[in-house]
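S.K.: For reference, the file data_1.tsv (TSV, C-alpha atoms) is included below:
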chain	number	residue	atom	x	y	z
A	1	MET	CA	38.16	-24.65	127.25
A	2	GLU	CA	37.49	-28.28	126.33
A	3	TYR	CA	38.47	-29.66	122.92
A	4	LEU	CA	37.01	-32.54	120.95
A	5	ASP	CA	39.34	-35.04	119.33
A	6	PHE	CA	39.12	-33.45	115.85
A	7	GLU	CA	39.82	-30.02	117.39
A	8	LEU	CA	43.29	-30.98	118.69
A	9	PRO	CA	45.16	-29.20	115.81
A	10	ILE	CA	43.34	-26.01	116.87
A	11	LYS	CA	44.33	-26.57	120.49
A	12	GLU	CA	48.01	-26.93	119.55
A	13	LEU	CA	48.01	-23.71	117.50
A	14	GLU	CA	46.19	-21.76	120.22
A	15	GLU	CA	48.78	-22.92	122.76
A	16	GLN	CA	51.60	-21.86	120.41
A	17	LEU	CA	49.95	-18.45	119.93
A	18	GLN	CA	49.58	-18.04	123.69
A	19	LYS	CA	53.24	-18.89	124.28
A	20	CYS	CA	54.36	-16.56	121.50
A	21	THR	CA	52.32	-13.70	122.97
A	22	LEU	CA	53.73	-14.41	126.43
A	23	ILE	CA	57.32	-14.29	125.13
A	24	GLY	CA	56.63	-10.91	123.53
A	25	GLU	CA	55.19	-9.53	126.76
A	26	GLU	CA	57.97	-10.83	129.03
A	27	SER	CA	60.99	-9.99	126.86
A	28	ASP	CA	62.28	-7.37	124.46
A	29	VAL	CA	62.20	-9.80	121.54
A	30	ASP	CA	59.88	-8.74	118.68
A	31	VAL	CA	57.72	-11.77	117.96
A	32	SER	CA	54.81	-9.92	116.32
A	33	SER	CA	55.45	-11.39	112.85
A	34	THR	CA	55.63	-14.92	114.28
A	35	CYS	CA	52.39	-14.38	116.21
A	36	LYS	CA	50.68	-13.12	113.04
A	37	GLN	CA	51.81	-16.20	111.13
A	38	ILE	CA	50.49	-18.52	113.86
A	39	HIS	CA	47.23	-16.58	114.03
A	40	LYS	CA	46.79	-16.82	110.26
A	41	LYS	CA	47.47	-20.55	110.32
A	42	LEU	CA	45.01	-20.92	113.23
A	43	GLU	CA	42.21	-19.21	111.28
A	44	GLU	CA	42.89	-21.33	108.20
A	45	THR	CA	42.88	-24.52	110.29
A	46	LYS	CA	39.57	-23.58	111.90
A	47	LYS	CA	37.97	-22.95	108.50
A	48	ASN	CA	39.28	-26.23	107.10
A	49	ILE	CA	38.00	-28.22	110.06
A	50	TYR	CA	34.60	-26.60	110.66
A	51	LYS	CA	33.66	-26.23	107.00
A	52	ASN	CA	34.20	-29.94	106.36
A	53	LEU	CA	32.62	-31.59	109.39
A	54	THR	CA	31.38	-35.18	109.17
A	55	ALA	CA	27.99	-36.20	110.55
A	56	TRP	CA	29.64	-37.72	113.64
A	57	GLN	CA	31.67	-34.58	114.28
A	58	ARG	CA	28.45	-32.53	114.24
A	59	VAL	CA	26.96	-34.98	116.75
A	60	GLN	CA	30.00	-34.40	118.95
A	61	LEU	CA	29.60	-30.61	118.66
A	62	SER	CA	25.91	-30.87	119.60
A	63	ARG	CA	27.01	-32.56	122.86
A	64	HIS	CA	29.89	-30.21	123.64
A	65	PRO	CA	29.94	-29.61	127.43
A	66	ASN	CA	30.29	-25.85	126.92
A	67	ARG	CA	27.36	-25.63	124.51
A	68	PRO	CA	24.48	-23.43	125.74
A	69	TYR	CA	21.44	-25.26	127.08
A	70	THR	CA	17.75	-24.32	127.13
A	71	MET	CA	17.94	-22.10	130.22
A	72	ASP	CA	20.94	-20.27	128.75
A	73	TYR	CA	18.84	-19.36	125.73
A	74	VAL	CA	15.84	-18.39	127.85
A	75	ARG	CA	17.92	-16.12	130.08
A	76	ALA	CA	19.64	-14.53	127.08
A	77	LEU	CA	16.38	-13.98	125.20
A	78	CYS	CA	14.14	-12.91	128.08
A	79	GLY	CA	16.44	-11.55	130.77
A	80	ASP	CA	14.58	-11.00	134.03
A	81	THR	CA	11.14	-11.31	132.44
A	82	PHE	CA	11.12	-15.13	132.49
A	83	LEU	CA	8.71	-16.73	134.98
A	84	GLU	CA	9.17	-20.48	135.31
A	85	LEU	CA	6.06	-22.61	135.86
A	86	PHE	CA	6.09	-26.04	137.51
A	87	GLY	CA	4.25	-29.34	137.72
A	88	ASP	CA	1.91	-31.43	135.60
A	89	ARG	CA	-0.94	-31.24	138.19
A	90	ASN	CA	-0.93	-35.02	138.37
A	91	VAL	CA	2.32	-36.61	139.61
A	92	LYS	CA	5.12	-34.08	140.20
A	93	ASP	CA	7.40	-31.52	138.58
A	94	ASP	CA	9.88	-32.99	136.09
A	95	LYS	CA	13.21	-31.14	136.31
A	96	ALA	CA	14.29	-32.39	132.85
A	97	MET	CA	11.49	-30.39	131.22
A	98	ILE	CA	11.33	-26.66	131.93
A	99	GLY	CA	8.68	-24.17	130.89
A	100	GLY	CA	7.41	-20.71	131.60
A	101	LEU	CA	6.47	-17.28	130.33
A	102	GLY	CA	8.95	-14.73	129.07
A	103	LYS	CA	9.20	-11.68	126.85
A	104	ILE	CA	11.38	-10.95	123.85
A	105	GLY	CA	11.04	-7.23	123.45
A	106	ASP	CA	7.36	-6.46	123.97
A	107	GLN	CA	6.09	-9.86	122.83
A	108	SER	CA	5.25	-12.59	125.37
A	109	PHE	CA	6.08	-16.23	124.59
A	110	MET	CA	5.57	-19.56	126.34
A	111	PHE	CA	8.92	-21.35	126.44
A	112	VAL	CA	9.09	-25.15	126.77
A	113	GLY	CA	12.25	-27.24	126.51
A	114	GLN	CA	14.48	-29.98	127.86
A	115	GLN	CA	17.23	-28.88	130.21
A	116	LYS	CA	20.51	-30.77	130.66
A	117	GLY	CA	22.95	-30.26	133.52
A	118	PHE	CA	26.43	-28.75	133.26
A	119	ASN	CA	28.14	-30.90	135.93
A	120	THR	CA	27.58	-34.26	137.62
A	121	LYS	CA	25.21	-32.94	140.29
A	122	THR	CA	23.02	-30.91	137.92
A	123	ARG	CA	22.99	-33.68	135.32
A	124	GLN	CA	21.55	-36.04	137.91
A	125	TYR	CA	19.09	-33.35	139.03
A	126	ARG	CA	17.96	-32.79	135.41
A	127	ASN	CA	18.07	-36.53	134.60
A	128	PHE	CA	20.47	-35.77	131.72
A	129	GLY	CA	17.68	-33.96	129.85
A	130	MET	CA	15.54	-37.13	129.61
A	131	ALA	CA	11.98	-36.29	130.57
A	132	ASN	CA	9.50	-38.61	132.29
A	133	PRO	CA	5.80	-38.72	131.32
A	134	GLU	CA	5.04	-35.95	133.80
A	135	GLY	CA	7.51	-33.74	131.93
A	136	TYR	CA	5.57	-34.12	128.69
A	137	ARG	CA	2.28	-33.64	130.52
A	138	LYS	CA	3.66	-30.46	132.09
A	139	ALA	CA	4.73	-29.28	128.63
A	140	LEU	CA	1.23	-29.92	127.26
A	141	ARG	CA	-0.40	-28.14	130.21
A	142	LEU	CA	1.73	-25.06	129.58
A	143	MET	CA	1.08	-25.11	125.83
A	144	GLN	CA	-2.68	-25.34	126.40
A	145	MET	CA	-2.40	-22.47	128.88
A	146	ALA	CA	-0.60	-20.44	126.21
A	147	GLU	CA	-3.39	-21.21	123.76
A	148	LYS	CA	-6.01	-20.03	126.27
A	149	PHE	CA	-4.29	-16.65	126.63
A	150	ASN	CA	-3.28	-16.40	122.93
A	151	ILE	CA	0.47	-16.54	123.65
A	152	PRO	CA	2.78	-18.02	120.96
A	153	ILE	CA	4.90	-21.04	121.90
A	154	ILE	CA	8.66	-21.62	121.54
A	155	THR	CA	9.99	-25.14	122.13
A	156	LEU	CA	13.74	-25.68	122.59
A	157	ILE	CA	14.70	-29.29	121.91
A	158	ASP	CA	17.82	-30.84	123.42
A	159	THR	CA	17.48	-34.43	124.61
A	160	PRO	CA	19.13	-37.83	124.11
A	161	GLY	CA	15.59	-39.25	124.31
A	162	ALA	CA	12.67	-39.66	126.67
A	163	TYR	CA	13.55	-41.48	129.91
A	164	PRO	CA	13.31	-45.26	129.23
A	165	GLY	CA	13.00	-46.40	132.87
A	166	LEU	CA	10.45	-48.92	134.17
A	167	GLU	CA	8.64	-46.29	136.26
A	168	ALA	CA	8.33	-44.01	133.21
A	169	GLU	CA	6.72	-46.82	131.22
A	170	GLU	CA	4.39	-47.59	134.12
A	171	ARG	CA	3.19	-43.98	134.14
A	172	GLY	CA	2.57	-44.00	130.37
A	173	GLN	CA	5.62	-42.59	128.61
A	174	GLY	CA	4.43	-43.60	125.14
A	175	GLU	CA	0.91	-42.27	125.72
A	176	ALA	CA	2.21	-38.95	127.05
A	177	ILE	CA	4.38	-38.36	123.96
A	178	ALA	CA	1.62	-39.48	121.58
A	179	ARG	CA	-0.89	-37.21	123.32
A	180	ASN	CA	1.46	-34.24	122.95
A	181	ILE	CA	1.93	-34.90	119.23
A	182	TYR	CA	-1.83	-35.19	118.74
A	183	GLU	CA	-2.69	-32.07	120.74
A	184	MET	CA	0.07	-29.88	119.26
A	185	PHE	CA	-1.54	-30.22	115.83
A	186	ARG	CA	-4.66	-28.54	117.23
A	187	ILE	CA	-3.21	-25.71	119.34
A	188	LYS	CA	-4.45	-22.44	117.87
A	189	VAL	CA	-1.39	-20.27	118.45
A	190	PRO	CA	1.91	-20.19	116.50
A	191	ILE	CA	4.41	-22.87	117.53
A	192	ILE	CA	8.11	-22.48	116.70
A	193	CYS	CA	10.34	-25.50	117.44
A	194	ILE	CA	14.12	-25.07	117.57
A	195	ILE	CA	16.58	-27.96	117.97
A	196	ILE	CA	19.48	-26.49	119.93
A	197	GLY	CA	21.44	-29.69	120.64
A	198	GLU	CA	20.37	-33.32	120.41
A	199	GLY	CA	17.01	-34.19	118.90
A	200	ALA	CA	16.58	-37.86	119.61
A	201	SER	CA	13.57	-40.07	119.00
A	202	GLY	CA	10.14	-39.55	120.58
A	203	GLY	CA	11.76	-37.51	123.32
A	204	ALA	CA	12.24	-34.73	120.77
A	205	LEU	CA	8.94	-35.31	118.93
A	206	GLY	CA	7.00	-34.89	122.19
A	207	ILE	CA	7.56	-31.13	121.92
A	208	GLY	CA	8.55	-31.06	118.25
A	209	VAL	CA	5.32	-30.45	116.31
A	210	GLY	CA	5.13	-26.87	115.11
A	211	ASP	CA	4.44	-24.42	112.32
A	212	ARG	CA	8.18	-23.96	111.87
A	213	VAL	CA	10.78	-26.53	112.90
A	214	THR	CA	14.36	-25.35	112.65
A	215	MET	CA	17.78	-26.64	113.64
A	216	LEU	CA	20.94	-24.91	114.71
A	217	GLU	CA	23.67	-25.77	112.24
A	218	ASN	CA	25.61	-28.25	114.41
A	219	THR	CA	22.71	-30.24	115.83
A	220	TRP	CA	21.12	-33.56	114.94
A	221	TYR	CA	17.58	-34.91	114.68
A	222	SER	CA	16.88	-38.62	114.30
A	223	VAL	CA	14.79	-41.57	115.40
A	224	ILE	CA	17.83	-43.05	117.16
A	225	SER	CA	21.31	-42.00	118.28
A	226	PRO	CA	24.34	-43.19	116.24
A	227	GLU	CA	25.59	-45.25	119.20
A	228	SER	CA	22.28	-47.09	119.65
A	229	CYS	CA	21.95	-47.63	115.90
A	230	SER	CA	25.48	-49.05	115.80
A	231	SER	CA	24.82	-51.37	118.76
A	232	ILE	CA	21.65	-52.73	117.09
A	233	LEU	CA	23.07	-53.22	113.59
A	234	TRP	CA	26.66	-54.21	114.41
A	235	ARG	CA	26.42	-55.24	118.09
A	236	SER	CA	29.06	-52.65	118.90
A	237	TRP	CA	29.42	-48.88	119.39
A	238	GLU	CA	32.58	-48.89	117.24
A	239	PHE	CA	30.53	-48.19	114.08
A	240	LYS	CA	28.86	-45.05	115.42
A	241	GLU	CA	30.53	-42.85	112.79
A	242	ARG	CA	29.23	-45.07	110.00
A	243	ALA	CA	25.79	-45.06	111.62
A	244	ALA	CA	25.79	-41.25	111.85
A	245	ASP	CA	26.44	-41.01	108.10
A	246	ALA	CA	23.74	-43.57	107.28
A	247	LEU	CA	21.08	-41.93	109.47
A	248	LYS	CA	21.25	-38.58	107.58
A	249	LEU	CA	20.71	-36.76	110.86
A	250	THR	CA	22.51	-33.45	110.33
A	251	SER	CA	20.71	-30.15	109.82
A	252	TYR	CA	21.67	-30.10	106.13
A	253	ASP	CA	20.38	-33.65	105.57
A	254	MET	CA	17.12	-32.85	107.37
A	255	LYS	CA	16.59	-29.66	105.36
A	256	LYS	CA	17.36	-31.49	102.11
A	257	ASN	CA	14.77	-34.16	102.97
A	258	LYS	CA	12.23	-31.44	103.89
A	259	LEU	CA	11.88	-32.65	107.47
A	260	VAL	CA	12.82	-29.26	108.94
A	261	ASP	CA	12.06	-25.80	107.60
A	262	ASP	CA	15.20	-23.79	108.33
A	263	ILE	CA	18.80	-23.89	109.58
A	264	ILE	CA	20.16	-21.25	111.94
A	265	PRO	CA	23.89	-20.78	111.22
A	266	GLU	CA	26.34	-21.07	114.10
A	267	PRO	CA	29.60	-19.15	114.61
A	268	LEU	CA	32.77	-20.84	113.39
A	269	GLY	CA	33.58	-23.43	116.06
A	270	GLY	CA	30.01	-24.03	117.19
A	271	ALA	CA	27.41	-22.27	119.33
A	272	HIS	CA	29.64	-22.39	122.42
A	273	SER	CA	32.49	-20.53	120.72
A	274	ASP	CA	30.45	-17.30	120.49
A	275	ARG	CA	27.33	-17.53	122.60
A	276	GLU	CA	26.22	-13.95	122.10
A	277	THR	CA	26.16	-14.29	118.31
A	278	THR	CA	24.22	-17.55	118.62
A	279	PHE	CA	21.65	-16.01	120.97
A	280	ASN	CA	21.21	-13.03	118.62
A	281	SER	CA	20.69	-15.37	115.64
A	282	VAL	CA	18.02	-17.31	117.54
A	283	ARG	CA	16.32	-14.10	118.70
A	284	THR	CA	16.23	-12.73	115.15
A	285	TYR	CA	14.82	-16.00	113.80
A	286	ILE	CA	12.07	-16.19	116.44
A	287	LEU	CA	10.89	-12.61	115.92
A	288	LYS	CA	11.00	-12.87	112.11
A	289	THR	CA	9.15	-16.20	112.05
A	290	PHE	CA	6.54	-15.10	114.59
A	291	ALA	CA	5.83	-11.97	112.52
A	292	GLU	CA	5.14	-14.21	109.49
A	293	LEU	CA	2.93	-16.69	111.40
A	294	ASN	CA	1.02	-13.99	113.25
A	295	LYS	CA	-0.35	-12.66	109.95
A	296	MET	CA	-1.94	-16.01	109.05
A	297	PRO	CA	-5.59	-16.82	109.85
A	298	VAL	CA	-5.77	-19.50	112.55
A	299	GLN	CA	-7.43	-22.19	110.43
A	300	GLU	CA	-4.97	-21.65	107.58
A	301	MET	CA	-2.09	-21.97	110.06
A	302	LEU	CA	-3.48	-25.24	111.45
A	303	ASN	CA	-4.10	-26.67	107.97
A	304	GLU	CA	-0.57	-25.78	106.88
A	305	ARG	CA	0.85	-27.32	110.07
A	306	MET	CA	-0.94	-30.62	109.40
A	307	GLU	CA	-0.16	-30.69	105.70
A	308	LYS	CA	3.54	-30.23	106.42
A	309	TYR	CA	3.64	-33.47	108.41
A	310	PHE	CA	1.31	-35.35	106.04
A	311	ASP	CA	3.78	-34.63	103.22
A	312	MET	CA	6.72	-36.23	105.04
A	313	GLY	CA	7.89	-39.63	103.84
A	314	GLU	CA	6.17	-42.06	101.47
A	315	TYR	CA	3.03	-44.00	102.26
A	316	LYS	CA	0.02	-45.70	100.66
A	317	GLU	CA	-3.57	-45.59	101.81
Can you present the structure in this file as structure tokens?

M.R.:
Amino acid sequence: MEYLDFELPIKELEEQLQKCTLIGEESDVDVSSTCKQIHKKLEETKKNIYKNLTAWQRVQLSRHPNRPYTMDYVRALCGDTFLELFGDRNVKDDKAMIGGLGKIGDQSFMFVGQQKGFNTKTRQYRNFGMANPEGYRKALRLMQMAEKFNIPIITLIDTPGAYPGLEAEERGQGEAIARNIYEMFRIKVPIICIIIGEGASGGALGIGVGDRVTMLENTWYSVISPESCSSILWRSWEFKERAADALKLTSYDMKKNKLVDDIIPEPLGGAHSDRETTFNSVRTYILKTFAELNKMPVQEMLNERMEKYFDMGEYKE
């Protein structure tokens, strides 16, 4: 188990509880009351920490190395029914963007999402969840295929941003993301977008247009990461915590500003602390939301989708 810096008091109490339990098992000394006291203090500490998280601490939780990634959700939701599909039919298959067909219960869905790696080798293989233009073009191809066969779409967003390399720009990174945004407004099947980790910049928006956009509780969604914002405004990463507060990037800030529709609560300690509960919450949300969207006439659904984004922010014509 890995601990973040603000979780160190929890780590200390868990180590004390483990030692106390070990003493009770290896000796005749009755330490049950001491263990209960430590356990009670541990639960209180967890509540105090996780119920009062700062914006930066939520950013840290969204990047926790043990946090479930897109394929973890897909496997948990679909089991053996998931069939991954590959390639953009133009350049190559982008390993940072995954997609395919799967079933939740008796209902088929097209899943599209960014996939990060869980160790050095897989992070390099997945390009740290940063998709190239061919990744967004693959995503659009799969979404248009879903539309053709009347299959609803689930997008799982978890990226530090689209890949900013020279070769990505040469192959039209900006155009690929813009094309996805444009086309997703017109796709005639329900689209449910869920931010499961980091939702950064155009990399998130490229698969982030939907009838319902929701965030897990300890995720973030913003035009720029706190570190990049800090480096631009203050020429240093040292002000990343201040930048995180200023950006209003947490799920609660986004819901308050009407930029996302819902928040899926996470177990105390984050999604990684109780994966099964998190997966069940996501499954319940998807099925409930799809049932609501599936009752709507197609044109009404498309009009509502567009109006939702037209109402965001302030502008003059």

S.K.: Report as CSV: every residue of segment 116-198 of chain A with an atom at most 10 Å from segment 254-261 of chain A, its closest pair of atoms, and their distance in Å to one decimal, counting only C-alpha atoms, with rows sorted by chain and ascending residue number.

M.R.:
residue,atom,partner,partner_atom,distance
A:Cys193,CA,A:Val260,CA,9.6
A:Ile194,CA,A:Val260,CA,9.7
A:Ile195,CA,A:Val260,CA,9.9

S.K.: Hey, can you check how far atom CA of Glu307 of chain A sits from atom CA of Phe185 of chain A?

M.R.: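 Spanning atom CA of Glu307 of chain A to atom CA of Phe185 of chain A is a straight-line distance of 10.2 Å.
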
S.K.: May I have the residues at most 9 Å from (27.3, -29.6, 115.4) in the file's coordinates, counting only C-alpha atoms, as a list in words?

M.R.: Leu53, Ala55, Trp56, Gln57, Arg58, Val59, Gln60, Leu61, Ser62, Arg63, His64, Gly197, Leu216, Glu217, Asn218, Thr219, Trp220, Thr250, Ser251, Glu266, Gly269, Gly270 and Ala271 of chain A

S.K.: Name the closest residue to Gly203 of chain A among the candidates A:Met110, A:Ile49, A:Leu8, A:Met130; distances are taken between atoms, counting only C-alpha atoms.

M.R.: A:Met130

S.K.: Might you pull out every residue within 12 Å of Pro68 of chain A, with only C-alpha atoms counted and same-chain residues fewer than 5 positions away left off, and present them as a PDB file with C-alpha atoms, keeping the file's coordinate frame?

M.R.:
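Result saved to around02.pdb:
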ATOM      1  CA  LEU A  61      29.600 -30.610 118.660  1.00  0.00           C
ATOM      2  CA  SER A  62      25.910 -30.870 119.600  1.00  0.00           C
ATOM      3  CA  ARG A  63      27.010 -32.560 122.860  1.00  0.00           C
ATOM      4  CA  TYR A  73      18.840 -19.360 125.730  1.00  0.00           C
ATOM      5  CA  VAL A  74      15.840 -18.390 127.850  1.00  0.00           C
ATOM      6  CA  ARG A  75      17.920 -16.120 130.080  1.00  0.00           C
ATOM      7  CA  ALA A  76      19.640 -14.530 127.080  1.00  0.00           C
ATOM      8  CA  GLN A 115      17.230 -28.880 130.210  1.00  0.00           C
ATOM      9  CA  LYS A 116      20.510 -30.770 130.660  1.00  0.00           C
ATOM     10  CA  GLY A 117      22.950 -30.260 133.520  1.00  0.00           C
ATOM     11  CA  PHE A 118      26.430 -28.750 133.260  1.00  0.00           C
ATOM     12  CA  LEU A 156      13.740 -25.680 122.590  1.00  0.00           C
ATOM     13  CA  ASP A 158      17.820 -30.840 123.420  1.00  0.00           C
ATOM     14  CA  ILE A 195      16.580 -27.960 117.970  1.00  0.00           C
ATOM     15  CA  ILE A 196      19.480 -26.490 119.930  1.00  0.00           C
ATOM     16  CA  GLY A 197      21.440 -29.690 120.640  1.00  0.00           C
ATOM     17  CA  GLU A 198      20.370 -33.320 120.410  1.00  0.00           C
ATOM     18  CA  LEU A 216      20.940 -24.910 114.710  1.00  0.00           C
ATOM     19  CA  GLY A 270      30.010 -24.030 117.190  1.00  0.00           C
ATOM     20  CA  ALA A 271      27.410 -22.270 119.330  1.00  0.00           C
ATOM     21  CA  HIS A 272      29.640 -22.390 122.420  1.00  0.00           C
ATOM     22  CA  SER A 273      32.490 -20.530 120.720  1.00  0.00           C
ATOM     23  CA  ASP A 274      30.450 -17.300 120.490  1.00  0.00           C
ATOM     24  CA  ARG A 275      27.330 -17.530 122.600  1.00  0.00           C
ATOM     25  CA  GLU A 276      26.220 -13.950 122.100  1.00  0.00           C
ATOM     26  CA  THR A 277      26.160 -14.290 118.310  1.00  0.00           C
ATOM     27  CA  THR A 278      24.220 -17.550 118.620  1.00  0.00           C
ATOM     28  CA  PHE A 279      21.650 -16.010 120.970  1.00  0.00           C
TER      29      PHE A 279
END

S.K.: For each of A:Gly87, A:Pro267, A:Gly210, A:Pro226, take the minimum atom-to-atom distance to Gly135 of chain A, counting all atoms listed in the file, then give the residue where this is smallest.

M.R.: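 Of A:Gly87, A:Pro267, A:Gly210, A:Pro226, the one nearest Gly135 of chain A, counting all atoms listed in the file, is A:Gly87.
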
S.K.: Could you check the closest approach to Leu142 of chain A for each of A:Ser201, A:Asn180, A:Gln173, A:Gln18 and tell me which residue wins, using only C-alpha atoms?

M.R.: A:Asn180

S.K.: Taking (2.4, -32.3, 128.8) as a centre in this file's frame and 9 Å as the limit, can you find every polymer residue with an atom that close, using only C-alpha atoms, and give them as a list in words?

M.R.: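 Taken together, the residues in range are Asp88, Pro133, Glu134, Gly135, Tyr136, Arg137, Lys138, Ala139, Leu140, Arg141, Leu142, Met143, Gln144, Ala176, Ile177, Arg179, Asn180, Gly206 and Ile207 of chain A.
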
S.K.: Could you state the separation of atom CA of Ala131 of chain A and atom CA of Thr159 of chain A in Å, given to one decimal place?

M.R.: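 According to the coordinates, atom CA of Ala131 of chain A and atom CA of Thr159 of chain A are separated by 8.3 Å.
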
S.K.: Select, from A:Tyr125, A:Tyr252, A:Phe310, A:Phe86, the residue with the minimum atom-to-atom distance to Tyr221 of chain A, counting all atoms listed in the file.

M.R.: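 Of A:Tyr125, A:Tyr252, A:Phe310, A:Phe86, the one nearest Tyr221 of chain A is A:Tyr252, counting all atoms listed in the file.
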
S.K.: Would you mind reading off the distance between atom CA of Gly208 of chain A and atom CA of Trp237 of chain A, one decimal, in Å?

M.R.: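 Distance between the two atoms: 27.5 Å.
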
S.K.: Set the distance at 10 Å and use all atoms listed in the file: which residues neighbour Gln107 of chain A once local chain neighbours fewer than 5 positions away are removed? I'd like the list as a list in words.

M.R.: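 Counting only the stated atoms, we get Gly102, Ile151, Pro152, Leu287 and Phe290 of chain A.
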
S.K.: Could you check the closest approach to Gly165 of chain A for each of A:Ser236, A:Asn119, A:Asn132, A:Asn294 and tell me which residue wins, using only C-alpha atoms?

M.R.: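 Of the candidates, the smallest distance to Gly165 of chain A is held by A:Asn132.
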
S.K.: Could you tell me which of A:Ala244, A:Met145, A:Ala291, A:Leu268 comes closest to Lys51 of chain A if we count only C-alpha atoms?

M.R.: A:Leu268

S.K.: Specify the axis-aligned box that encloses all atoms of segment 275-287 of chain A listed in the file after padding of 8 Å on each side, stating its centre and edge lengths in Å to one decimal as JSON.

M.R.:
{"center_x": 19.1, "center_y": -15.1, "center_z": 118.2, "size_x": 32.4, "size_y": 20.9, "size_z": 24.8}

S.K.: Neighbours of Phe82 of chain A within 7 Å (only C-alpha atoms; same-chain residues fewer than 3 positions away dropped), as a ChimeraX atom specification?

M.R.: /A:78-79,100-103

S.K.: Please provide the set of residues having any atom within 7 Å of Ile98 of chain A, restricted to only C-alpha atoms, with same-chain residues fewer than 3 positions apart removed, written as JSON, numbers by chain.

M.R.: {"A": [95, 112, 113, 114, 115]}
